[in-house]
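*Asks:* My structure is stored as target.cif, with mmCIF, C-alpha atoms and all ligand atoms.
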data_structure
#
loop_
_atom_site.group_PDB
_atom_site.id
_atom_site.type_symbol
_atom_site.label_atom_id
_atom_site.label_comp_id
_atom_site.auth_asym_id
_atom_site.auth_seq_id
_atom_site.Cartn_x
_atom_site.Cartn_y
_atom_site.Cartn_z
ATOM 1 C CA MET A 36 -12.025 -123.500 -34.836
ATOM 2 C CA HIS A 37 -12.533 -119.823 -34.155
ATOM 3 C CA ASP A 38 -11.108 -116.591 -35.546
ATOM 4 C CA TYR A 39 -11.411 -114.258 -32.595
ATOM 5 C CA LEU A 40 -11.240 -114.770 -28.872
ATOM 6 C CA ILE A 41 -13.554 -112.666 -26.686
ATOM 7 C CA LEU A 42 -12.332 -112.457 -23.097
ATOM 8 C CA HIS A 43 -14.508 -111.297 -20.222
ATOM 9 C CA GLY A 44 -12.739 -110.805 -16.902
ATOM 10 C CA VAL A 45 -13.545 -110.497 -13.284
ATOM 11 C CA ASN A 46 -17.132 -109.660 -12.181
ATOM 12 C CA LEU A 47 -18.406 -109.366 -15.739
ATOM 13 C CA ASN A 48 -20.633 -112.439 -15.331
ATOM 14 C CA MET A 49 -22.666 -110.144 -13.044
ATOM 15 C CA PHE A 50 -23.706 -107.690 -15.770
ATOM 16 C CA GLY A 51 -27.459 -107.197 -15.511
ATOM 17 C CA ARG A 52 -27.326 -107.302 -11.710
ATOM 18 C CA ARG A 53 -24.415 -104.940 -11.135
ATOM 19 C CA ASP A 54 -24.399 -101.134 -10.947
ATOM 20 C CA PRO A 55 -26.927 -100.467 -13.751
ATOM 21 C CA ALA A 56 -26.001 -96.757 -13.806
ATOM 22 C CA HIS A 57 -22.644 -97.746 -15.272
ATOM 23 C CA TYR A 58 -23.326 -101.090 -16.905
ATOM 24 C CA GLY A 59 -26.992 -100.989 -17.893
ATOM 25 C CA THR A 60 -29.288 -103.961 -17.503
ATOM 26 C CA CYS A 61 -28.166 -106.324 -20.232
ATOM 27 C CA THR A 62 -26.562 -109.589 -19.182
ATOM 28 C CA LEU A 63 -23.347 -111.196 -20.387
ATOM 29 C CA ASP A 64 -25.491 -113.721 -22.293
ATOM 30 C CA ASP A 65 -27.213 -110.814 -24.117
ATOM 31 C CA ILE A 66 -23.808 -109.351 -25.015
ATOM 32 C CA ASN A 67 -22.517 -112.723 -26.219
ATOM 33 C CA ARG A 68 -25.630 -113.259 -28.323
ATOM 34 C CA ASP A 69 -25.122 -109.876 -30.023
ATOM 35 C CA LEU A 70 -21.433 -110.683 -30.581
ATOM 36 C CA HIS A 71 -22.293 -114.004 -32.240
ATOM 37 C CA ALA A 72 -24.865 -112.228 -34.446
ATOM 38 C CA LEU A 73 -22.261 -109.691 -35.589
ATOM 39 C CA ALA A 74 -19.715 -112.474 -36.108
ATOM 40 C CA ALA A 75 -22.189 -114.269 -38.401
ATOM 41 C CA GLU A 76 -22.603 -111.028 -40.383
ATOM 42 C CA LEU A 77 -18.800 -110.693 -40.665
ATOM 43 C CA ASN A 78 -18.504 -114.391 -41.497
ATOM 44 C CA VAL A 79 -16.126 -115.134 -38.625
ATOM 45 C CA ARG A 80 -16.266 -117.443 -35.616
ATOM 46 C CA LEU A 81 -15.836 -116.548 -31.961
ATOM 47 C CA ASP A 82 -14.597 -118.324 -28.889
ATOM 48 C CA ILE A 83 -15.955 -116.573 -25.791
ATOM 49 C CA PHE A 84 -14.464 -117.080 -22.325
ATOM 50 C CA GLN A 85 -15.284 -115.558 -18.927
ATOM 51 C CA THR A 86 -13.518 -116.156 -15.646
ATOM 52 C CA ASN A 87 -13.163 -114.570 -12.224
ATOM 53 C CA ASP A 88 -9.798 -116.313 -11.735
ATOM 54 C CA GLU A 89 -6.748 -114.359 -12.920
ATOM 55 C CA GLY A 90 -4.652 -117.511 -13.370
ATOM 56 C CA ARG A 91 -7.291 -119.113 -15.601
ATOM 57 C CA MET A 92 -7.412 -115.927 -17.675
ATOM 58 C CA VAL A 93 -3.613 -116.006 -18.101
ATOM 59 C CA GLU A 94 -3.783 -119.677 -19.125
ATOM 60 C CA ARG A 95 -6.533 -119.003 -21.680
ATOM 61 C CA ILE A 96 -4.335 -116.268 -23.169
ATOM 62 C CA HIS A 97 -1.355 -118.675 -23.305
ATOM 63 C CA ALA A 98 -3.519 -121.188 -25.175
ATOM 64 C CA ALA A 99 -4.230 -118.520 -27.799
ATOM 65 C CA LEU A 100 -0.596 -118.884 -28.927
ATOM 66 C CA ASP A 101 -1.451 -122.217 -30.549
ATOM 67 C CA ASP A 102 -5.205 -122.456 -31.041
ATOM 68 C CA GLY A 103 -5.643 -120.445 -34.229
ATOM 69 C CA THR A 104 -6.807 -117.217 -32.555
ATOM 70 C CA ARG A 105 -6.323 -114.324 -34.986
ATOM 71 C CA GLY A 106 -7.290 -111.445 -32.699
ATOM 72 C CA ILE A 107 -8.561 -110.758 -29.190
ATOM 73 C CA VAL A 108 -11.236 -108.489 -27.737
ATOM 74 C CA ILE A 109 -10.853 -108.186 -23.970
ATOM 75 C CA ASN A 110 -12.790 -106.540 -21.192
ATOM 76 C CA ALA A 111 -10.636 -107.438 -18.213
ATOM 77 C CA GLY A 112 -12.850 -105.602 -15.697
ATOM 78 C CA ALA A 113 -10.858 -104.317 -12.717
ATOM 79 C CA TRP A 114 -7.783 -106.365 -13.802
ATOM 80 C CA THR A 115 -7.421 -103.743 -16.544
ATOM 81 C CA HIS A 116 -6.078 -101.302 -14.024
ATOM 82 C CA TYR A 117 -3.415 -103.402 -12.284
ATOM 83 C CA SER A 118 -2.795 -106.871 -13.727
ATOM 84 C CA TYR A 119 0.769 -106.994 -15.007
ATOM 85 C CA ALA A 120 0.279 -110.764 -15.299
ATOM 86 C CA ILE A 121 -2.495 -110.358 -17.888
ATOM 87 C CA MET A 122 -0.523 -107.573 -19.592
ATOM 88 C CA ASP A 123 2.550 -109.835 -19.872
ATOM 89 C CA ALA A 124 0.473 -112.756 -21.191
ATOM 90 C CA LEU A 125 -1.141 -110.585 -23.879
ATOM 91 C CA GLY A 126 2.288 -109.146 -24.686
ATOM 92 C CA MET A 127 3.524 -112.634 -25.681
ATOM 93 C CA LEU A 128 1.065 -112.767 -28.568
ATOM 94 C CA SER A 129 1.766 -111.278 -31.948
ATOM 95 C CA LEU A 130 -1.857 -110.645 -32.828
ATOM 96 C CA PRO A 131 -4.079 -107.597 -32.401
ATOM 97 C CA VAL A 132 -5.698 -107.027 -29.018
ATOM 98 C CA VAL A 133 -8.583 -104.564 -28.600
ATOM 99 C CA GLU A 134 -9.525 -103.466 -25.086
ATOM 100 C CA VAL A 135 -13.176 -102.701 -24.386
ATOM 101 C CA HIS A 136 -15.158 -101.249 -21.501
ATOM 102 C CA MET A 137 -18.894 -100.820 -21.096
ATOM 103 C CA SER A 138 -18.500 -97.626 -19.066
ATOM 104 C CA ASN A 139 -16.507 -94.513 -19.888
ATOM 105 C CA VAL A 140 -13.637 -95.337 -17.542
ATOM 106 C CA HIS A 141 -12.049 -91.913 -18.156
ATOM 107 C CA ALA A 142 -15.070 -90.152 -16.643
ATOM 108 C CA ARG A 143 -14.968 -92.268 -13.467
ATOM 109 C CA GLU A 144 -12.638 -92.643 -10.456
ATOM 110 C CA ALA A 145 -8.943 -91.869 -11.041
ATOM 111 C CA PHE A 146 -7.845 -95.510 -10.577
ATOM 112 C CA ARG A 147 -9.929 -96.441 -13.640
ATOM 113 C CA HIS A 148 -8.084 -93.942 -15.860
ATOM 114 C CA GLU A 149 -4.969 -96.112 -15.953
ATOM 115 C CA SER A 150 -4.996 -99.261 -18.076
ATOM 116 C CA VAL A 151 -1.909 -101.441 -17.910
ATOM 117 C CA LEU A 152 -3.405 -103.426 -20.805
ATOM 118 C CA SER A 153 -3.288 -100.405 -23.123
ATOM 119 C CA ARG A 154 0.475 -100.965 -23.426
ATOM 120 C CA VAL A 155 -0.154 -104.219 -25.271
ATOM 121 C CA SER A 156 -3.398 -103.258 -27.053
ATOM 122 C CA ALA A 157 -3.908 -101.858 -30.511
ATOM 123 C CA GLY A 158 -6.588 -99.546 -29.126
ATOM 124 C CA SER A 159 -9.551 -99.334 -26.821
ATOM 125 C CA VAL A 160 -13.286 -98.645 -26.891
ATOM 126 C CA ALA A 161 -15.030 -97.369 -23.747
ATOM 127 C CA GLY A 162 -18.321 -95.824 -22.789
ATOM 128 C CA PHE A 163 -20.841 -97.264 -25.231
ATOM 129 C CA GLY A 164 -22.347 -100.016 -23.100
ATOM 130 C CA SER A 165 -22.704 -103.342 -24.883
ATOM 131 C CA MET A 166 -22.011 -101.502 -28.157
ATOM 132 C CA SER A 167 -18.370 -101.188 -26.989
ATOM 133 C CA TYR A 168 -17.995 -104.940 -27.550
ATOM 134 C CA LEU A 169 -19.493 -104.768 -31.043
ATOM 135 C CA LEU A 170 -17.227 -101.851 -31.964
ATOM 136 C CA GLY A 171 -14.304 -103.799 -30.493
ATOM 137 C CA LEU A 172 -15.125 -106.827 -32.648
ATOM 138 C CA ARG A 173 -15.366 -104.627 -35.746
ATOM 139 C CA ALA A 174 -12.017 -103.035 -34.821
ATOM 140 C CA VAL A 175 -10.175 -106.326 -34.381
ATOM 141 C CA HIS A 176 -11.703 -107.665 -37.598
ATOM 142 C CA HIS A 177 -10.547 -104.551 -39.432
ATOM 143 C CA LEU A 178 -6.995 -104.902 -38.065
ATOM 144 C CA VAL A 179 -6.792 -108.587 -38.976
ATOM 145 C CA SER A 180 -8.223 -107.974 -42.463
ATOM 146 C CA VAL A 181 -5.736 -105.178 -43.125
ATOM 147 C CA ARG A 182 -2.889 -107.382 -41.883
ATOM 148 C CA SER A 183 -3.837 -110.363 -44.041
ATOM 149 C CA ALA A 184 -4.092 -108.079 -47.103
ATOM 150 C CA LEU A 185 -0.450 -107.038 -46.656
ATOM 151 C CA PRO A 186 2.148 -108.772 -48.847
ATOM 152 C CA HIS A 187 4.018 -111.513 -46.918
HETATM 153 C C1 LIG B 1 -15.258 -102.120 -16.800
HETATM 154 C C2 LIG B 1 -14.637 -100.900 -16.095
HETATM 155 C C3 LIG B 1 -13.726 -101.348 -14.948
HETATM 156 O O1 LIG B 1 -13.165 -100.198 -14.300
HETATM 157 C C4 LIG B 1 -14.519 -102.128 -13.928
HETATM 158 O O2 LIG B 1 -13.674 -102.588 -12.891
HETATM 159 C C5 LIG B 1 -15.287 -103.259 -14.551
HETATM 160 C C6 LIG B 1 -15.972 -103.037 -15.815
HETATM 161 C C7 LIG B 1 -16.273 -101.704 -17.875
HETATM 162 O O3 LIG B 1 -16.638 -102.574 -18.668
HETATM 163 O O4 LIG B 1 -16.696 -100.546 -17.906
HETATM 164 O O5 LIG B 1 -15.409 -104.331 -13.971
HETATM 165 O O6 LIG B 1 -14.208 -102.843 -17.441
#
Could I get this file's structure written as structure tokens?
Ligand code: DQA
*Replies:*
Amino acid sequence: MHDYLILHGVNLNMFGRRDPAHYGTCTLDDINRDLHALAAELNVRLDIFQTNDEGRMVERIHAALDDGTRGIVINAGAWTHYSYAIMDALGMLSLPVVEVHMSNVHAREAFRHESVLSRVSAGSVAGFGSMSYLLGLRAVHHLVSVRSALPH
């Protein structure tokens, strides 16, 4: 059983070998290792999933309806900018979603300024390299902790 679901989208398995000016040299395995280390500090468990297939990403999000996921951190890669399918899938969930990006998407090409996922996200973190993921995990953990402290 996990608490939070970390979703890595299209092309993100290529971190370390892809455009180091924007994404640095760390690999997805390095990022996942750091996420697990922070999760241990926060005393929570992670399920981490990467795919280059939009349909598989949608299906993993559907599964989060029933698998105990309490919050999601997602870097959807280029899908961020146009996937209404992923937006709709995330919109079915009633749990916090935090969007993350390694690069500062707002300082890059115009098509990266738009995020269709922002409509269904609590907030986003962009521009801090692999630290964006760690900040995203802290953010989702904060939102879930605040929520569970509220009277039912
Ligand atoms: C990215 C930014 C996207 O625009 C791009 O398509 C990616 C990575 C980032 O982490 O900075 O694949 O999401």
*Asks:* Please determine, counting all atoms listed in the file, which residue among A:Tyr119, A:Tyr168, A:Trp114, A:Phe163 has the shortest atom-to-atom distance to A:Asn87.
*Replies:*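 Once distances to A:Asn87 are computed over all atoms listed in the file, the minimum belongs to A:Trp114.
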*Asks:* Restricting the calculation to only C-alpha atoms and all ligand atoms, which member of A:Gly171, A:Gly162, A:Gly103, A:Pro186 is positioned closest to ligand LIG 1 (chain B)?
*Replies:*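 Counting only C-alpha atoms and all ligand atoms, the residue closest to ligand LIG 1 (chain B) is A:Gly162.
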*Asks:* So which residues touch A:Arg80 within 10 Å, counting only C-alpha atoms, skipping near sequence neighbours fewer than 2 positions away, as a list in words?
*Replies:*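 Within the cut-off, the hits are Met36, His37, Asp38, Tyr39, Leu40, Leu70, His71, Leu73, Ala74, Ala75, Leu77, Asn78, Asp82, Ile83 and Thr104 of chain A.
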*Asks:* Could you tell me, counting all atoms listed in the file, which protein and nucleic acid residues lie no more than 10 Å from ligand LIG 1 (chain B), written as an MDAnalysis selection string?
*Replies:* chainID A and resid 43:50 53:54 57:58 109:116 134:141 143:150 160:165 167:168
*Asks:* Evaluated on this file, the PyMOL selection byres (((chain A and resi 124) around 10) and not hetatm) picks out some residues - which ones are they, written as JSON, numbers by chain?
*Replies:* {"A": [92, 93, 94, 95, 96, 97, 99, 100, 119, 120, 121, 122, 123, 125, 126, 127, 128, 155]}
*Asks:* Pick the closest to A:Val79 from A:Gly59, A:Gly106, A:Gly51, A:Gly158: which is it, counting all atoms listed in the file?
*Replies:* A:Gly106
*Asks:* May I ask which of the residues A:Val151, A:Ile107, A:Leu169, A:Leu81 is the closest one to A:Ile66, counting all atoms listed in the file?
*Replies:*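 Closest to A:Ile66 of all the choices is A:Leu169.
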*Asks:* Spell out the residues picked by the PyMOL selection byres (((chain A and resi 156) around 7) and not hetatm) here, as a ChimeraX atom specification.
*Replies:* /A:131-134,152-155,157-158
*Asks:* For the residues in the current selection, export C-alpha atoms as a PDB file, in the frame of the given file.
*Replies:*
ATOM      1  CA  PRO A 131      -4.079-107.597 -32.401  1.00  0.00           C
ATOM      2  CA  VAL A 132      -5.698-107.027 -29.018  1.00  0.00           C
ATOM      3  CA  VAL A 133      -8.583-104.564 -28.600  1.00  0.00           C
ATOM      4  CA  GLU A 134      -9.525-103.466 -25.086  1.00  0.00           C
ATOM      5  CA  LEU A 152      -3.405-103.426 -20.805  1.00  0.00           C
ATOM      6  CA  SER A 153      -3.288-100.405 -23.123  1.00  0.00           C
ATOM      7  CA  ARG A 154       0.475-100.965 -23.426  1.00  0.00           C
ATOM      8  CA  VAL A 155      -0.154-104.219 -25.271  1.00  0.00           C
ATOM      9  CA  ALA A 157      -3.908-101.858 -30.511  1.00  0.00           C
ATOM     10  CA  GLY A 158      -6.588 -99.546 -29.126  1.00  0.00           C
TER      11      GLY A 158
END
*Asks:* Could you work out how far atom CA of A:Ala142 lies from atom CA of A:Ala56, giving the answer in Å with one decimal?
*Replies:*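 Atom-to-atom, atom CA of A:Ala56 to atom CA of A:Ala142, that is 13.1 Å.
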*Asks:* State, in Å with one decimal place, the distance from atom CA of A:Val175 to atom CA of A:Val108.
*Replies:*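 Straight-line distance from atom CA of A:Val175 to atom CA of A:Val108 works out to 7.1 Å.
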*Asks:* Can you save stretch 61-74 of chain A of the given block to a file, including N, CA and C atoms and formatted as a PDB file, in the first residue's frame?
*Replies:*
ATOM      1  N   CYS A  61      20.851  14.394 -14.125  1.00  0.00           N
ATOM      2  CA  CYS A  61      20.400  13.287 -13.271  1.00  0.00           C
ATOM      3  C   CYS A  61      19.371  12.441 -14.020  1.00  0.00           C
ATOM      4  N   THR A  62      19.321  11.178 -13.667  1.00  0.00           N
ATOM      5  CA  THR A  62      18.430  10.233 -14.335  1.00  0.00           C
ATOM      6  C   THR A  62      17.126  10.113 -13.553  1.00  0.00           C
ATOM      7  N   LEU A  63      16.145   9.454 -14.188  1.00  0.00           N
ATOM      8  CA  LEU A  63      14.873   9.239 -13.484  1.00  0.00           C
ATOM      9  C   LEU A  63      15.092   8.357 -12.246  1.00  0.00           C
ATOM     10  N   ASP A  64      16.022   7.413 -12.328  1.00  0.00           N
ATOM     11  CA  ASP A  64      16.325   6.575 -11.161  1.00  0.00           C
ATOM     12  C   ASP A  64      16.867   7.427 -10.017  1.00  0.00           C
ATOM     13  N   ASP A  65      17.731   8.416 -10.342  1.00  0.00           N
ATOM     14  CA  ASP A  65      18.256   9.318  -9.295  1.00  0.00           C
ATOM     15  C   ASP A  65      17.095  10.068  -8.638  1.00  0.00           C
ATOM     16  N   ILE A  66      16.192  10.582  -9.470  1.00  0.00           N
ATOM     17  CA  ILE A  66      15.049  11.353  -8.951  1.00  0.00           C
ATOM     18  C   ILE A  66      14.194  10.456  -8.053  1.00  0.00           C
ATOM     19  N   ASN A  67      13.933   9.234  -8.523  1.00  0.00           N
ATOM     20  CA  ASN A  67      13.089   8.324  -7.737  1.00  0.00           C
ATOM     21  C   ASN A  67      13.751   7.952  -6.421  1.00  0.00           C
ATOM     22  N   ARG A  68      15.071   7.808  -6.441  1.00  0.00           N
ATOM     23  CA  ARG A  68      15.789   7.485  -5.205  1.00  0.00           C
ATOM     24  C   ARG A  68      15.624   8.625  -4.201  1.00  0.00           C
ATOM     25  N   ASP A  69      15.783   9.869  -4.683  1.00  0.00           N
ATOM     26  CA  ASP A  69      15.630  11.030  -3.790  1.00  0.00           C
ATOM     27  C   ASP A  69      14.191  11.130  -3.265  1.00  0.00           C
ATOM     28  N   LEU A  70      13.221  10.799  -4.133  1.00  0.00           N
ATOM     29  CA  LEU A  70      11.818  10.845  -3.688  1.00  0.00           C
ATOM     30  C   LEU A  70      11.566   9.814  -2.585  1.00  0.00           C
ATOM     31  N   HIS A  71      12.105   8.598  -2.774  1.00  0.00           N
ATOM     32  CA  HIS A  71      11.915   7.573  -1.737  1.00  0.00           C
ATOM     33  C   HIS A  71      12.587   7.990  -0.427  1.00  0.00           C
ATOM     34  N   ALA A  72      13.754   8.656  -0.533  1.00  0.00           N
ATOM     35  CA  ALA A  72      14.448   9.102   0.688  1.00  0.00           C
ATOM     36  C   ALA A  72      13.603  10.145   1.417  1.00  0.00           C
ATOM     37  N   LEU A  73      13.027  11.081   0.678  1.00  0.00           N
ATOM     38  CA  LEU A  73      12.169  12.091   1.319  1.00  0.00           C
ATOM     39  C   LEU A  73      10.911  11.437   1.887  1.00  0.00           C
ATOM     40  N   ALA A  74      10.363  10.472   1.166  1.00  0.00           N
ATOM     41  CA  ALA A  74       9.161   9.781   1.651  1.00  0.00           C
ATOM     42  C   ALA A  74       9.459   9.091   2.987  1.00  0.00           C
TER      43      ALA A  74
END
